[in-house]
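Content type mmCIF, N, CA and C atoms, from the file protein.cif:
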```cif
data_work
loop_
_atom_site.label_atom_id
_atom_site.label_comp_id
_atom_site.auth_asym_id
_atom_site.auth_seq_id
_atom_site.Cartn_x
_atom_site.Cartn_y
_atom_site.Cartn_z
N GLY A 170 -38.84 3.85 -57.00
CA GLY A 170 -39.21 2.62 -56.34
C GLY A 170 -38.72 2.60 -54.90
N GLU A 171 -39.13 1.61 -54.22
CA GLU A 171 -38.74 1.43 -52.82
C GLU A 171 -37.44 0.65 -52.72
N VAL A 172 -36.55 1.12 -51.86
CA VAL A 172 -35.26 0.47 -51.67
C VAL A 172 -35.41 -0.69 -50.70
N ARG A 173 -34.77 -1.79 -51.02
CA ARG A 173 -34.75 -2.96 -50.15
C ARG A 173 -33.31 -3.25 -49.76
N VAL A 174 -33.14 -3.83 -48.59
CA VAL A 174 -31.84 -4.28 -48.11
C VAL A 174 -31.93 -5.79 -47.99
N VAL A 175 -30.85 -6.48 -48.41
CA VAL A 175 -30.80 -7.94 -48.31
C VAL A 175 -29.61 -8.31 -47.43
N SER A 176 -29.86 -9.20 -46.48
CA SER A 176 -28.79 -9.65 -45.58
C SER A 176 -28.80 -11.17 -45.49
N CYS A 177 -27.68 -11.71 -45.02
CA CYS A 177 -27.58 -13.16 -44.84
C CYS A 177 -26.84 -13.42 -43.54
N GLY A 178 -27.02 -14.63 -43.00
CA GLY A 178 -26.39 -14.86 -41.71
C GLY A 178 -26.10 -16.30 -41.36
N ASP A 179 -25.51 -16.43 -40.18
CA ASP A 179 -25.14 -17.73 -39.66
C ASP A 179 -26.34 -18.61 -39.34
N ASP A 180 -27.54 -18.01 -39.30
CA ASP A 180 -28.75 -18.79 -39.01
C ASP A 180 -29.28 -19.51 -40.24
N GLY A 181 -28.57 -19.42 -41.37
CA GLY A 181 -28.97 -20.11 -42.59
C GLY A 181 -30.06 -19.41 -43.38
N THR A 182 -30.36 -18.16 -43.03
CA THR A 182 -31.43 -17.45 -43.74
C THR A 182 -30.89 -16.25 -44.51
N VAL A 183 -31.71 -15.85 -45.49
CA VAL A 183 -31.53 -14.60 -46.22
C VAL A 183 -32.76 -13.77 -45.91
N ARG A 184 -32.57 -12.50 -45.60
CA ARG A 184 -33.70 -11.65 -45.25
C ARG A 184 -33.75 -10.44 -46.17
N VAL A 185 -34.95 -10.12 -46.62
CA VAL A 185 -35.21 -8.94 -47.44
C VAL A 185 -35.94 -7.95 -46.54
N TRP A 186 -35.36 -6.76 -46.39
CA TRP A 186 -35.84 -5.75 -45.45
C TRP A 186 -36.39 -4.52 -46.15
N ALA A 187 -37.40 -3.92 -45.55
CA ALA A 187 -37.85 -2.58 -45.92
C ALA A 187 -37.06 -1.61 -45.04
N ILE A 188 -36.46 -0.61 -45.66
CA ILE A 188 -35.71 0.37 -44.87
C ILE A 188 -36.66 1.14 -43.96
N GLU A 189 -37.77 1.58 -44.53
CA GLU A 189 -38.76 2.30 -43.73
C GLU A 189 -39.42 1.32 -42.77
N GLY A 190 -39.27 1.53 -41.51
CA GLY A 190 -39.91 0.67 -40.52
C GLY A 190 -39.06 -0.51 -40.07
N GLY A 191 -38.02 -0.84 -40.82
CA GLY A 191 -37.12 -1.91 -40.42
C GLY A 191 -37.73 -3.30 -40.39
N GLU A 192 -38.74 -3.53 -41.21
CA GLU A 192 -39.45 -4.80 -41.21
C GLU A 192 -38.81 -5.79 -42.18
N ALA A 193 -38.68 -7.05 -41.74
CA ALA A 193 -38.24 -8.12 -42.65
C ALA A 193 -39.44 -8.54 -43.49
N LEU A 194 -39.38 -8.26 -44.79
CA LEU A 194 -40.48 -8.58 -45.69
C LEU A 194 -40.48 -10.05 -46.09
N GLN A 195 -39.30 -10.62 -46.20
CA GLN A 195 -39.14 -12.04 -46.55
C GLN A 195 -38.04 -12.64 -45.71
N VAL A 196 -38.25 -13.86 -45.28
CA VAL A 196 -37.19 -14.66 -44.66
C VAL A 196 -37.06 -15.88 -45.55
N LEU A 197 -35.94 -15.97 -46.27
CA LEU A 197 -35.72 -17.02 -47.26
C LEU A 197 -34.88 -18.13 -46.65
N ARG A 198 -35.43 -19.33 -46.63
CA ARG A 198 -34.75 -20.48 -46.05
C ARG A 198 -34.50 -21.51 -47.14
N GLY A 199 -33.33 -22.09 -47.15
CA GLY A 199 -33.01 -23.09 -48.17
C GLY A 199 -31.60 -23.60 -48.03
N HIS A 200 -30.75 -22.84 -47.38
CA HIS A 200 -29.38 -23.28 -47.14
C HIS A 200 -29.36 -24.19 -45.91
N ALA A 201 -28.48 -25.17 -45.93
CA ALA A 201 -28.36 -26.13 -44.83
C ALA A 201 -27.39 -25.64 -43.76
N SER A 202 -26.74 -24.52 -43.99
CA SER A 202 -25.73 -24.02 -43.07
C SER A 202 -25.65 -22.50 -43.23
N TRP A 203 -24.53 -21.91 -42.77
CA TRP A 203 -24.33 -20.47 -42.86
C TRP A 203 -24.51 -19.96 -44.28
N VAL A 204 -25.08 -18.79 -44.38
CA VAL A 204 -25.14 -18.09 -45.67
C VAL A 204 -24.12 -16.98 -45.59
N VAL A 205 -23.19 -16.95 -46.56
CA VAL A 205 -22.05 -16.04 -46.44
C VAL A 205 -22.01 -14.92 -47.46
N GLY A 206 -22.90 -14.95 -48.46
CA GLY A 206 -22.89 -13.88 -49.46
C GLY A 206 -24.24 -13.75 -50.16
N VAL A 207 -24.55 -12.52 -50.58
CA VAL A 207 -25.77 -12.27 -51.35
C VAL A 207 -25.48 -11.26 -52.45
N ALA A 208 -26.26 -11.35 -53.52
CA ALA A 208 -26.22 -10.39 -54.61
C ALA A 208 -27.65 -10.29 -55.15
N THR A 209 -27.92 -9.24 -55.92
CA THR A 209 -29.26 -9.06 -56.46
C THR A 209 -29.20 -8.75 -57.96
N PHE A 210 -30.31 -8.99 -58.63
CA PHE A 210 -30.49 -8.60 -60.03
C PHE A 210 -31.98 -8.57 -60.31
N VAL A 211 -32.36 -8.02 -61.45
CA VAL A 211 -33.76 -7.98 -61.87
C VAL A 211 -33.88 -8.78 -63.16
N ALA A 212 -34.83 -9.73 -63.16
CA ALA A 212 -35.08 -10.55 -64.35
C ALA A 212 -36.56 -10.44 -64.70
N HIS A 213 -36.84 -9.94 -65.89
CA HIS A 213 -38.22 -9.81 -66.35
C HIS A 213 -39.08 -9.06 -65.32
N ASP A 214 -38.55 -7.98 -64.81
CA ASP A 214 -39.21 -7.13 -63.81
C ASP A 214 -39.38 -7.79 -62.45
N ASP A 215 -38.78 -8.95 -62.23
CA ASP A 215 -38.84 -9.62 -60.93
C ASP A 215 -37.50 -9.46 -60.23
N PRO A 216 -37.50 -8.80 -59.06
CA PRO A 216 -36.24 -8.69 -58.32
C PRO A 216 -35.84 -10.06 -57.76
N ARG A 217 -34.59 -10.43 -57.99
CA ARG A 217 -34.08 -11.72 -57.54
C ARG A 217 -32.93 -11.52 -56.58
N VAL A 218 -32.76 -12.49 -55.72
CA VAL A 218 -31.65 -12.53 -54.77
C VAL A 218 -30.91 -13.83 -55.00
N VAL A 219 -29.59 -13.75 -55.09
CA VAL A 219 -28.73 -14.93 -55.20
C VAL A 219 -27.91 -14.99 -53.92
N SER A 220 -27.88 -16.17 -53.32
CA SER A 220 -27.13 -16.34 -52.08
C SER A 220 -26.18 -17.52 -52.20
N CYS A 221 -25.13 -17.49 -51.38
CA CYS A 221 -24.18 -18.59 -51.39
C CYS A 221 -23.83 -18.96 -49.95
N GLY A 222 -23.41 -20.21 -49.77
CA GLY A 222 -23.21 -20.62 -48.40
C GLY A 222 -22.15 -21.66 -48.15
N ASP A 223 -22.00 -21.92 -46.88
CA ASP A 223 -21.06 -22.91 -46.38
C ASP A 223 -21.46 -24.32 -46.82
N ASP A 224 -22.71 -24.50 -47.24
CA ASP A 224 -23.23 -25.81 -47.65
C ASP A 224 -22.92 -26.16 -49.10
N ARG A 225 -22.04 -25.38 -49.74
CA ARG A 225 -21.58 -25.61 -51.12
C ARG A 225 -22.60 -25.24 -52.19
N THR A 226 -23.65 -24.52 -51.83
CA THR A 226 -24.70 -24.22 -52.79
C THR A 226 -24.87 -22.73 -53.02
N ILE A 227 -25.57 -22.45 -54.13
CA ILE A 227 -25.99 -21.11 -54.50
C ILE A 227 -27.50 -21.21 -54.67
N CYS A 228 -28.24 -20.32 -54.04
CA CYS A 228 -29.69 -20.30 -54.18
C CYS A 228 -30.11 -19.04 -54.92
N ASN A 229 -31.16 -19.16 -55.71
CA ASN A 229 -31.70 -18.06 -56.50
C ASN A 229 -33.15 -17.88 -56.08
N TRP A 230 -33.47 -16.71 -55.54
CA TRP A 230 -34.79 -16.48 -54.95
C TRP A 230 -35.55 -15.39 -55.69
N ASP A 231 -36.86 -15.55 -55.80
CA ASP A 231 -37.75 -14.46 -56.19
C ASP A 231 -38.01 -13.68 -54.92
N SER A 232 -37.50 -12.47 -54.83
CA SER A 232 -37.55 -11.73 -53.57
C SER A 232 -38.95 -11.25 -53.20
N ARG A 233 -39.88 -11.28 -54.14
CA ARG A 233 -41.26 -10.88 -53.80
C ARG A 233 -42.09 -12.09 -53.37
N ALA A 234 -41.89 -13.22 -54.03
CA ALA A 234 -42.71 -14.40 -53.74
C ALA A 234 -42.22 -15.18 -52.54
N GLY A 235 -40.89 -15.14 -52.30
CA GLY A 235 -40.33 -15.95 -51.21
C GLY A 235 -40.39 -17.42 -51.59
N GLY A 236 -40.62 -18.27 -50.61
CA GLY A 236 -40.74 -19.70 -50.88
C GLY A 236 -39.41 -20.36 -51.14
N ASP A 237 -39.47 -21.46 -51.88
CA ASP A 237 -38.27 -22.23 -52.17
C ASP A 237 -37.38 -21.51 -53.17
N ALA A 238 -36.10 -21.82 -53.12
CA ALA A 238 -35.17 -21.27 -54.09
C ALA A 238 -35.57 -21.75 -55.48
N LEU A 239 -35.48 -20.84 -56.46
CA LEU A 239 -35.86 -21.18 -57.83
C LEU A 239 -34.83 -22.07 -58.50
N VAL A 240 -33.58 -21.81 -58.24
CA VAL A 240 -32.50 -22.56 -58.88
C VAL A 240 -31.42 -22.78 -57.83
N VAL A 241 -30.93 -23.98 -57.72
CA VAL A 241 -29.85 -24.26 -56.79
C VAL A 241 -28.74 -24.97 -57.55
N PRO A 242 -27.87 -24.20 -58.23
CA PRO A 242 -26.78 -24.85 -58.96
C PRO A 242 -25.77 -25.47 -58.01
N LYS A 243 -25.23 -26.59 -58.42
CA LYS A 243 -24.19 -27.24 -57.64
C LYS A 243 -22.93 -27.28 -58.48
N GLY A 244 -21.81 -27.42 -57.84
CA GLY A 244 -20.56 -27.48 -58.59
C GLY A 244 -19.35 -27.22 -57.74
N HIS A 245 -19.45 -26.33 -56.78
CA HIS A 245 -18.30 -26.07 -55.92
C HIS A 245 -18.05 -27.29 -55.03
N LEU A 246 -16.79 -27.55 -54.77
CA LEU A 246 -16.39 -28.71 -53.97
C LEU A 246 -16.19 -28.37 -52.50
N GLY A 247 -16.49 -27.15 -52.14
CA GLY A 247 -16.39 -26.70 -50.76
C GLY A 247 -17.30 -25.51 -50.56
N ALA A 248 -17.16 -24.85 -49.44
CA ALA A 248 -17.98 -23.68 -49.13
C ALA A 248 -17.89 -22.65 -50.25
N VAL A 249 -19.00 -21.98 -50.51
CA VAL A 249 -19.04 -20.91 -51.49
C VAL A 249 -18.99 -19.60 -50.72
N TYR A 250 -17.93 -18.80 -50.94
CA TYR A 250 -17.67 -17.61 -50.13
C TYR A 250 -18.23 -16.32 -50.70
N GLY A 251 -18.40 -16.25 -52.01
CA GLY A 251 -18.83 -14.99 -52.61
C GLY A 251 -19.69 -15.22 -53.83
N VAL A 252 -20.58 -14.27 -54.10
CA VAL A 252 -21.42 -14.34 -55.28
C VAL A 252 -21.66 -12.92 -55.78
N ALA A 253 -21.71 -12.78 -57.10
CA ALA A 253 -22.00 -11.49 -57.74
C ALA A 253 -22.89 -11.77 -58.94
N THR A 254 -23.53 -10.74 -59.45
CA THR A 254 -24.34 -10.90 -60.66
C THR A 254 -23.97 -9.83 -61.66
N VAL A 255 -24.26 -10.12 -62.93
CA VAL A 255 -24.01 -9.15 -63.98
C VAL A 255 -25.03 -9.37 -65.09
N VAL A 256 -25.52 -8.26 -65.65
CA VAL A 256 -26.42 -8.30 -66.79
C VAL A 256 -25.72 -7.59 -67.93
N ALA A 257 -25.52 -8.29 -69.05
CA ALA A 257 -24.86 -7.70 -70.22
C ALA A 257 -25.37 -8.41 -71.46
N ASN A 258 -25.68 -7.63 -72.48
CA ASN A 258 -26.15 -8.20 -73.75
C ASN A 258 -27.31 -9.16 -73.55
N GLU A 259 -28.22 -8.81 -72.66
CA GLU A 259 -29.42 -9.60 -72.36
C GLU A 259 -29.12 -10.95 -71.71
N ASP A 260 -27.89 -11.19 -71.28
CA ASP A 260 -27.54 -12.37 -70.50
C ASP A 260 -27.43 -11.95 -69.05
N THR A 261 -27.98 -12.75 -68.17
CA THR A 261 -27.87 -12.50 -66.74
C THR A 261 -27.09 -13.65 -66.15
N ARG A 262 -25.97 -13.33 -65.55
CA ARG A 262 -25.10 -14.37 -65.00
C ARG A 262 -24.83 -14.14 -63.53
N ALA A 263 -24.64 -15.24 -62.84
CA ALA A 263 -24.16 -15.21 -61.47
C ALA A 263 -22.73 -15.74 -61.51
N VAL A 264 -21.89 -15.18 -60.68
CA VAL A 264 -20.49 -15.60 -60.59
C VAL A 264 -20.23 -15.92 -59.13
N SER A 265 -19.64 -17.08 -58.88
CA SER A 265 -19.40 -17.50 -57.51
C SER A 265 -17.94 -17.91 -57.33
N CYS A 266 -17.50 -17.91 -56.07
CA CYS A 266 -16.14 -18.31 -55.78
C CYS A 266 -16.14 -19.06 -54.45
N GLY A 267 -15.08 -19.85 -54.25
CA GLY A 267 -15.12 -20.60 -53.01
C GLY A 267 -13.85 -21.26 -52.55
N HIS A 268 -14.06 -22.11 -51.58
CA HIS A 268 -13.01 -22.84 -50.89
C HIS A 268 -12.20 -23.72 -51.85
N ASP A 269 -12.85 -24.18 -52.91
CA ASP A 269 -12.18 -25.07 -53.87
C ASP A 269 -11.23 -24.33 -54.81
N GLY A 270 -11.06 -23.02 -54.64
CA GLY A 270 -10.12 -22.25 -55.44
C GLY A 270 -10.61 -21.88 -56.82
N THR A 271 -11.92 -22.08 -57.09
CA THR A 271 -12.45 -21.76 -58.41
C THR A 271 -13.39 -20.57 -58.37
N VAL A 272 -13.55 -19.98 -59.56
CA VAL A 272 -14.58 -18.98 -59.83
C VAL A 272 -15.46 -19.61 -60.89
N ARG A 273 -16.76 -19.61 -60.65
CA ARG A 273 -17.69 -20.27 -61.58
C ARG A 273 -18.72 -19.28 -62.08
N VAL A 274 -19.03 -19.38 -63.38
CA VAL A 274 -19.99 -18.49 -64.02
C VAL A 274 -21.22 -19.32 -64.37
N TRP A 275 -22.39 -18.84 -63.93
CA TRP A 275 -23.65 -19.57 -64.08
C TRP A 275 -24.65 -18.74 -64.86
N ASP A 276 -25.62 -19.40 -65.47
CA ASP A 276 -26.80 -18.71 -65.99
C ASP A 276 -27.66 -18.39 -64.77
N ALA A 277 -27.85 -17.12 -64.46
CA ALA A 277 -28.56 -16.73 -63.24
C ALA A 277 -30.05 -17.02 -63.32
N ILE A 278 -30.59 -17.16 -64.50
CA ILE A 278 -32.02 -17.44 -64.65
C ILE A 278 -32.30 -18.93 -64.57
N ASP A 279 -31.57 -19.73 -65.34
CA ASP A 279 -31.85 -21.15 -65.46
C ASP A 279 -30.98 -22.05 -64.58
N GLY A 280 -29.87 -21.53 -64.07
CA GLY A 280 -28.99 -22.35 -63.23
C GLY A 280 -28.28 -23.41 -64.04
N GLY A 281 -28.31 -24.63 -63.56
CA GLY A 281 -27.62 -25.73 -64.23
C GLY A 281 -26.15 -25.73 -63.89
N ASP A 282 -25.40 -26.51 -64.64
CA ASP A 282 -23.96 -26.58 -64.42
C ASP A 282 -23.31 -25.25 -64.78
N ALA A 283 -22.17 -25.01 -64.17
CA ALA A 283 -21.42 -23.78 -64.47
C ALA A 283 -21.10 -23.72 -65.95
N GLN A 284 -21.28 -22.55 -66.56
CA GLN A 284 -20.95 -22.35 -67.96
C GLN A 284 -19.44 -22.24 -68.16
N VAL A 285 -18.78 -21.65 -67.18
CA VAL A 285 -17.33 -21.45 -67.23
C VAL A 285 -16.79 -21.70 -65.83
N VAL A 286 -15.66 -22.39 -65.74
CA VAL A 286 -14.95 -22.56 -64.47
C VAL A 286 -13.57 -21.94 -64.64
N LEU A 287 -13.27 -20.93 -63.83
CA LEU A 287 -12.00 -20.22 -63.90
C LEU A 287 -11.09 -20.72 -62.78
N ARG A 288 -9.90 -21.17 -63.17
CA ARG A 288 -8.93 -21.69 -62.21
C ARG A 288 -7.65 -20.88 -62.32
N GLY A 289 -6.93 -20.72 -61.23
CA GLY A 289 -5.68 -19.99 -61.28
C GLY A 289 -5.21 -19.58 -59.89
N HIS A 290 -6.14 -19.40 -58.96
CA HIS A 290 -5.75 -19.08 -57.58
C HIS A 290 -5.11 -20.31 -56.96
N SER A 291 -4.14 -20.09 -56.10
CA SER A 291 -3.45 -21.22 -55.46
C SER A 291 -4.10 -21.63 -54.14
N GLY A 292 -5.16 -20.96 -53.76
CA GLY A 292 -5.87 -21.30 -52.54
C GLY A 292 -7.32 -20.89 -52.66
N ARG A 293 -7.96 -20.72 -51.53
CA ARG A 293 -9.37 -20.32 -51.49
C ARG A 293 -9.58 -18.99 -52.21
N VAL A 294 -10.72 -18.85 -52.83
CA VAL A 294 -11.10 -17.57 -53.43
C VAL A 294 -12.17 -16.97 -52.53
N ARG A 295 -11.88 -15.81 -51.94
CA ARG A 295 -12.71 -15.23 -50.88
C ARG A 295 -13.84 -14.34 -51.36
N ASP A 296 -13.70 -13.72 -52.52
CA ASP A 296 -14.75 -12.82 -52.98
C ASP A 296 -14.65 -12.65 -54.48
N VAL A 297 -15.71 -12.14 -55.07
CA VAL A 297 -15.78 -11.95 -56.51
C VAL A 297 -16.71 -10.78 -56.80
N THR A 298 -16.43 -10.06 -57.87
CA THR A 298 -17.33 -9.03 -58.35
C THR A 298 -17.26 -9.02 -59.86
N THR A 299 -18.07 -8.20 -60.50
CA THR A 299 -18.11 -8.14 -61.95
C THR A 299 -18.17 -6.70 -62.41
N PHE A 300 -17.84 -6.49 -63.68
CA PHE A 300 -18.09 -5.20 -64.33
C PHE A 300 -18.19 -5.43 -65.82
N VAL A 301 -18.78 -4.49 -66.52
CA VAL A 301 -18.98 -4.59 -67.96
C VAL A 301 -18.06 -3.60 -68.64
N VAL A 302 -17.38 -4.05 -69.68
CA VAL A 302 -16.50 -3.20 -70.48
C VAL A 302 -17.17 -2.99 -71.84
N ASN A 303 -17.32 -1.72 -72.21
CA ASN A 303 -17.92 -1.42 -73.52
C ASN A 303 -16.85 -1.21 -74.55
#
```
I need this file expressed as C-alpha coordinates, please.
Amino acid sequence: GEVRVVSCGDDGTVRVWAIEGGEALQVLRGHASWVVGVATFVAHDDPRVVSCGDDRTICNWDSRAGGDALVVPKGHLGAVYGVATVVANEDTRAVSCGHDGTVRVWDAIDGGDAQVVLRGHSGRVRDVTTFVVN
(Lines of atoms letter the chains of each structure in order from A and count residues from 1; the text may use other names and numbers.)
(Lines give C-alpha, C1' and ligand atoms only; values in the text may rest on other atoms or scores of the structure.)
Protein backbone atom coordinates (compact mmCIF):
# COMPACT_ATOMS: atom_id res chain seq x y z
CA GLY A 1 0.00 0.00 0.00
CA GLU A 2 0.88 3.64 -0.15
CA VAL A 3 2.46 5.26 2.89
CA ARG A 4 0.84 8.37 4.32
CA VAL A 5 2.23 10.92 6.75
CA VAL A 6 -0.03 12.70 9.24
CA SER A 7 0.92 16.00 10.85
CA CYS A 8 -0.74 18.52 13.15
CA GLY A 9 -0.03 22.12 13.94
CA ASP A 10 -0.63 25.42 15.61
CA ASP A 11 -2.99 26.39 12.77
CA GLY A 12 -5.63 24.02 14.20
CA THR A 13 -5.41 21.56 11.32
CA VAL A 14 -4.43 17.94 10.78
CA ARG A 15 -2.94 17.14 7.40
CA VAL A 16 -2.65 13.79 5.62
CA TRP A 17 0.24 13.79 3.14
CA ALA A 18 1.36 11.65 0.23
CA ILE A 19 5.09 11.07 0.51
CA GLU A 20 5.45 10.90 -3.25
CA GLY A 21 5.04 14.45 -4.51
CA GLY A 22 4.61 16.00 -1.07
CA GLU A 23 0.93 16.75 -1.62
CA ALA A 24 -1.54 17.32 1.24
CA LEU A 25 -4.35 14.88 0.43
CA GLN A 26 -6.59 16.01 3.28
CA VAL A 27 -6.71 19.07 5.49
CA LEU A 28 -8.83 18.16 8.52
CA ARG A 29 -10.37 21.04 10.44
CA GLY A 30 -12.32 20.68 13.66
CA HIS A 31 -10.16 21.81 16.54
CA ALA A 32 -10.74 25.30 17.92
CA SER A 33 -7.07 25.80 18.76
CA TRP A 34 -3.63 24.17 18.41
CA VAL A 35 -3.50 20.50 17.55
CA VAL A 36 -0.73 18.89 19.58
CA GLY A 37 -0.87 15.16 18.85
CA VAL A 38 -1.97 12.59 16.28
CA ALA A 39 -2.22 8.81 16.08
CA THR A 40 -3.59 6.42 13.46
CA PHE A 41 -5.43 3.10 13.28
CA VAL A 42 -7.44 1.08 10.78
CA ALA A 43 -11.11 0.26 11.46
CA HIS A 44 -13.04 -1.96 9.05
CA ASP A 45 -10.46 -1.24 6.33
CA ASP A 46 -10.87 2.53 6.83
CA PRO A 47 -7.71 4.37 7.88
CA ARG A 48 -8.51 6.70 10.78
CA VAL A 49 -6.66 9.59 12.37
CA VAL A 50 -7.13 10.59 16.00
CA SER A 51 -5.99 14.05 17.03
CA CYS A 52 -5.85 15.94 20.31
CA GLY A 53 -5.56 19.58 21.09
CA ASP A 54 -5.28 22.59 23.28
CA ASP A 55 -9.09 22.94 23.02
CA ARG A 56 -9.60 19.95 25.40
CA THR A 57 -10.90 17.68 22.64
CA ILE A 58 -10.00 14.55 20.74
CA CYS A 59 -11.16 14.24 17.13
CA ASN A 60 -11.53 11.01 15.16
CA TRP A 61 -11.28 11.38 11.39
CA ASP A 62 -11.84 9.14 8.38
CA SER A 63 -8.58 9.95 6.61
CA ARG A 64 -9.96 9.16 3.15
CA ALA A 65 -13.28 10.99 3.36
CA GLY A 66 -12.11 14.05 5.30
CA GLY A 67 -14.96 16.29 6.42
CA ASP A 68 -16.13 16.62 9.99
CA ALA A 69 -14.65 14.60 12.81
CA LEU A 70 -16.56 11.35 13.30
CA VAL A 71 -16.31 11.31 17.08
CA VAL A 72 -15.30 14.09 19.44
CA PRO A 73 -15.10 12.68 22.96
CA LYS A 74 -14.97 15.16 25.79
CA GLY A 75 -13.70 14.62 29.29
CA HIS A 76 -10.33 16.24 29.83
CA LEU A 77 -10.47 19.36 32.00
CA GLY A 78 -7.58 21.04 30.19
CA ALA A 79 -5.46 20.77 27.07
CA VAL A 80 -4.97 17.27 25.71
CA TYR A 81 -1.24 16.75 25.09
CA GLY A 82 -0.97 13.22 23.74
CA VAL A 83 -2.97 10.51 22.05
CA ALA A 84 -2.22 6.90 21.09
CA THR A 85 -4.25 4.02 19.71
CA VAL A 86 -4.21 0.29 20.25
CA VAL A 87 -6.05 -2.64 18.67
CA ALA A 88 -6.29 -5.82 20.78
CA ASN A 89 -8.84 -8.61 20.94
CA GLU A 90 -10.95 -6.82 18.31
CA ASP A 91 -11.24 -3.72 20.53
CA THR A 92 -9.88 -0.46 19.17
CA ARG A 93 -9.09 2.11 21.81
CA ALA A 94 -7.70 5.59 21.92
CA VAL A 95 -5.72 6.69 24.96
CA SER A 96 -5.24 10.36 25.77
CA CYS A 97 -3.41 12.38 28.39
CA GLY A 98 -3.39 15.98 29.40
CA HIS A 99 -3.05 19.04 31.51
CA ASP A 100 -5.56 17.71 34.05
CA GLY A 101 -3.09 14.97 35.10
CA THR A 102 -5.21 12.10 33.79
CA VAL A 103 -4.86 9.35 31.22
CA ARG A 104 -8.17 8.42 29.61
CA VAL A 105 -9.09 5.31 27.63
CA TRP A 106 -11.80 5.68 24.96
CA ASP A 107 -13.61 3.48 22.48
CA ALA A 108 -11.85 4.70 19.31
CA ILE A 109 -14.76 3.74 17.07
CA ASP A 110 -17.78 5.01 19.01
CA GLY A 111 -16.23 7.65 21.30
CA GLY A 112 -18.46 8.62 24.18
CA ASP A 113 -17.30 9.05 27.74
CA ALA A 114 -13.94 7.65 28.75
CA GLN A 115 -14.15 3.95 29.61
CA VAL A 116 -11.31 4.24 32.11
CA VAL A 117 -9.71 7.26 33.79
CA LEU A 118 -6.21 6.64 35.17
CA ARG A 119 -4.99 8.97 37.90
CA GLY A 120 -1.66 9.00 39.70
CA HIS A 121 0.57 11.66 38.15
CA SER A 122 1.09 14.68 40.39
CA GLY A 123 1.05 17.11 37.47
CA ARG A 124 0.43 17.35 33.75
CA VAL A 125 0.74 14.18 31.69
CA ARG A 126 2.75 15.07 28.57
CA ASP A 127 2.58 11.93 26.44
CA VAL A 128 1.17 8.43 26.25
CA THR A 129 1.73 5.27 24.24
CA THR A 130 0.43 1.72 24.28
CA PHE A 131 1.60 -1.85 23.77
CA VAL A 132 0.02 -5.29 23.84
CA VAL A 133 1.24 -8.06 26.14
CA ASN A 134 0.51 -11.64 25.08
To one decimal in Å, tell me the separation between atom C of Arg173 (chain A) and atom N of Gly244 (chain A).
28.0 Å
Could you name the residues that touch Ser202 (chain A) at 10 Å or less, counting only C-alpha atoms, but leaving out those on the same chain fewer than 4 positions away, as a list in words?
Gly178, Asp179, Asp180, Gly181, Thr182, Gly222, Asp223, Asp224, Arg225, Thr226 and Ala248 of chain A
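Residues matched by the PyMOL selection byres ((chain A and resi 256-264) around 8) in this file: Phe210, Val211, Ala212, Val219, Gly251, Val252, Ala253, Thr254, Val255, Ser265, Cys266, Val272, Arg273, Val274, Trp275, Asp276, Ala277, Ile278, Asp279, Asp296, Val297, Thr298, Thr299, Phe300 and Val301 of chain A.
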Region 201-217 of chain A, all listed atoms, 3 Å padding on each side: what axis-aligned box centre and edge lengths in Å to one decimal come out, as JSON?
```
{"center_x": -30.7, "center_y": -16.6, "center_z": -54.6, "size_x": 23.4, "size_y": 25.0, "size_z": 29.6}
```
List the neighbours of Ile227 (chain A) out to 6 Å using only C-alpha atoms; skip same-chain residues closer than 3 positions along the sequence, and give me the result as number ranges by chain.
A: 220-221, 241-242
Taking only N, CA and C atoms into account, which of A:Val249, A:Gly292, A:Asp269, A:Glu171 comes nearest Val205 (chain A)?
A:Val249
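The nearest approach to Ala238 (chain A) among the residues A:Val185, A:Leu287, A:Val204, A:Leu197, with all atoms listed in the file taken into account, belongs to A:Leu197.
Against this structure, the PyMOL selection byres ((chain A and resi 216) around 8) ends up with Thr209, Phe210, Val211, Ala212, His213, Asp214, Asp215, Arg217, Val218, Val219, Trp230, Asp231, Ser232, Arg233 and Ala234 of chain A.
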Given the selection you just returned, output its residues as a file containing N, CA and C atoms, formatted as an mmCIF file, keeping the file's coordinate frame.
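So the final result, stored in selection_14.cif, reads:
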```cif
data_model
loop_
_atom_site.group_PDB
_atom_site.id
_atom_site.type_symbol
_atom_site.label_atom_id
_atom_site.label_comp_id
_atom_site.auth_asym_id
_atom_site.auth_seq_id
_atom_site.Cartn_x
_atom_site.Cartn_y
_atom_site.Cartn_z
ATOM 1 N N THR A 209 -27.920 -9.240 -55.920
ATOM 2 C CA THR A 209 -29.260 -9.060 -56.460
ATOM 3 C C THR A 209 -29.200 -8.750 -57.960
ATOM 4 N N PHE A 210 -30.310 -8.990 -58.630
ATOM 5 C CA PHE A 210 -30.490 -8.600 -60.030
ATOM 6 C C PHE A 210 -31.980 -8.570 -60.310
ATOM 7 N N VAL A 211 -32.360 -8.020 -61.450
ATOM 8 C CA VAL A 211 -33.760 -7.980 -61.870
ATOM 9 C C VAL A 211 -33.880 -8.780 -63.160
ATOM 10 N N ALA A 212 -34.830 -9.730 -63.160
ATOM 11 C CA ALA A 212 -35.080 -10.550 -64.350
ATOM 12 C C ALA A 212 -36.560 -10.440 -64.700
ATOM 13 N N HIS A 213 -36.840 -9.940 -65.890
ATOM 14 C CA HIS A 213 -38.220 -9.810 -66.350
ATOM 15 C C HIS A 213 -39.080 -9.060 -65.320
ATOM 16 N N ASP A 214 -38.550 -7.980 -64.810
ATOM 17 C CA ASP A 214 -39.210 -7.130 -63.810
ATOM 18 C C ASP A 214 -39.380 -7.790 -62.450
ATOM 19 N N ASP A 215 -38.780 -8.950 -62.230
ATOM 20 C CA ASP A 215 -38.840 -9.620 -60.930
ATOM 21 C C ASP A 215 -37.500 -9.460 -60.230
ATOM 22 N N ARG A 217 -34.590 -10.430 -57.990
ATOM 23 C CA ARG A 217 -34.080 -11.720 -57.540
ATOM 24 C C ARG A 217 -32.930 -11.520 -56.580
ATOM 25 N N VAL A 218 -32.760 -12.490 -55.720
ATOM 26 C CA VAL A 218 -31.650 -12.530 -54.770
ATOM 27 C C VAL A 218 -30.910 -13.830 -55.000
ATOM 28 N N VAL A 219 -29.590 -13.750 -55.090
ATOM 29 C CA VAL A 219 -28.730 -14.930 -55.200
ATOM 30 C C VAL A 219 -27.910 -14.990 -53.920
ATOM 31 N N TRP A 230 -33.470 -16.710 -55.540
ATOM 32 C CA TRP A 230 -34.790 -16.480 -54.950
ATOM 33 C C TRP A 230 -35.550 -15.390 -55.690
ATOM 34 N N ASP A 231 -36.860 -15.550 -55.800
ATOM 35 C CA ASP A 231 -37.750 -14.460 -56.190
ATOM 36 C C ASP A 231 -38.010 -13.680 -54.920
ATOM 37 N N SER A 232 -37.500 -12.470 -54.830
ATOM 38 C CA SER A 232 -37.550 -11.730 -53.570
ATOM 39 C C SER A 232 -38.950 -11.250 -53.200
ATOM 40 N N ARG A 233 -39.880 -11.280 -54.140
ATOM 41 C CA ARG A 233 -41.260 -10.880 -53.800
ATOM 42 C C ARG A 233 -42.090 -12.090 -53.370
ATOM 43 N N ALA A 234 -41.890 -13.220 -54.030
ATOM 44 C CA ALA A 234 -42.710 -14.400 -53.740
ATOM 45 C C ALA A 234 -42.220 -15.180 -52.540
#
```
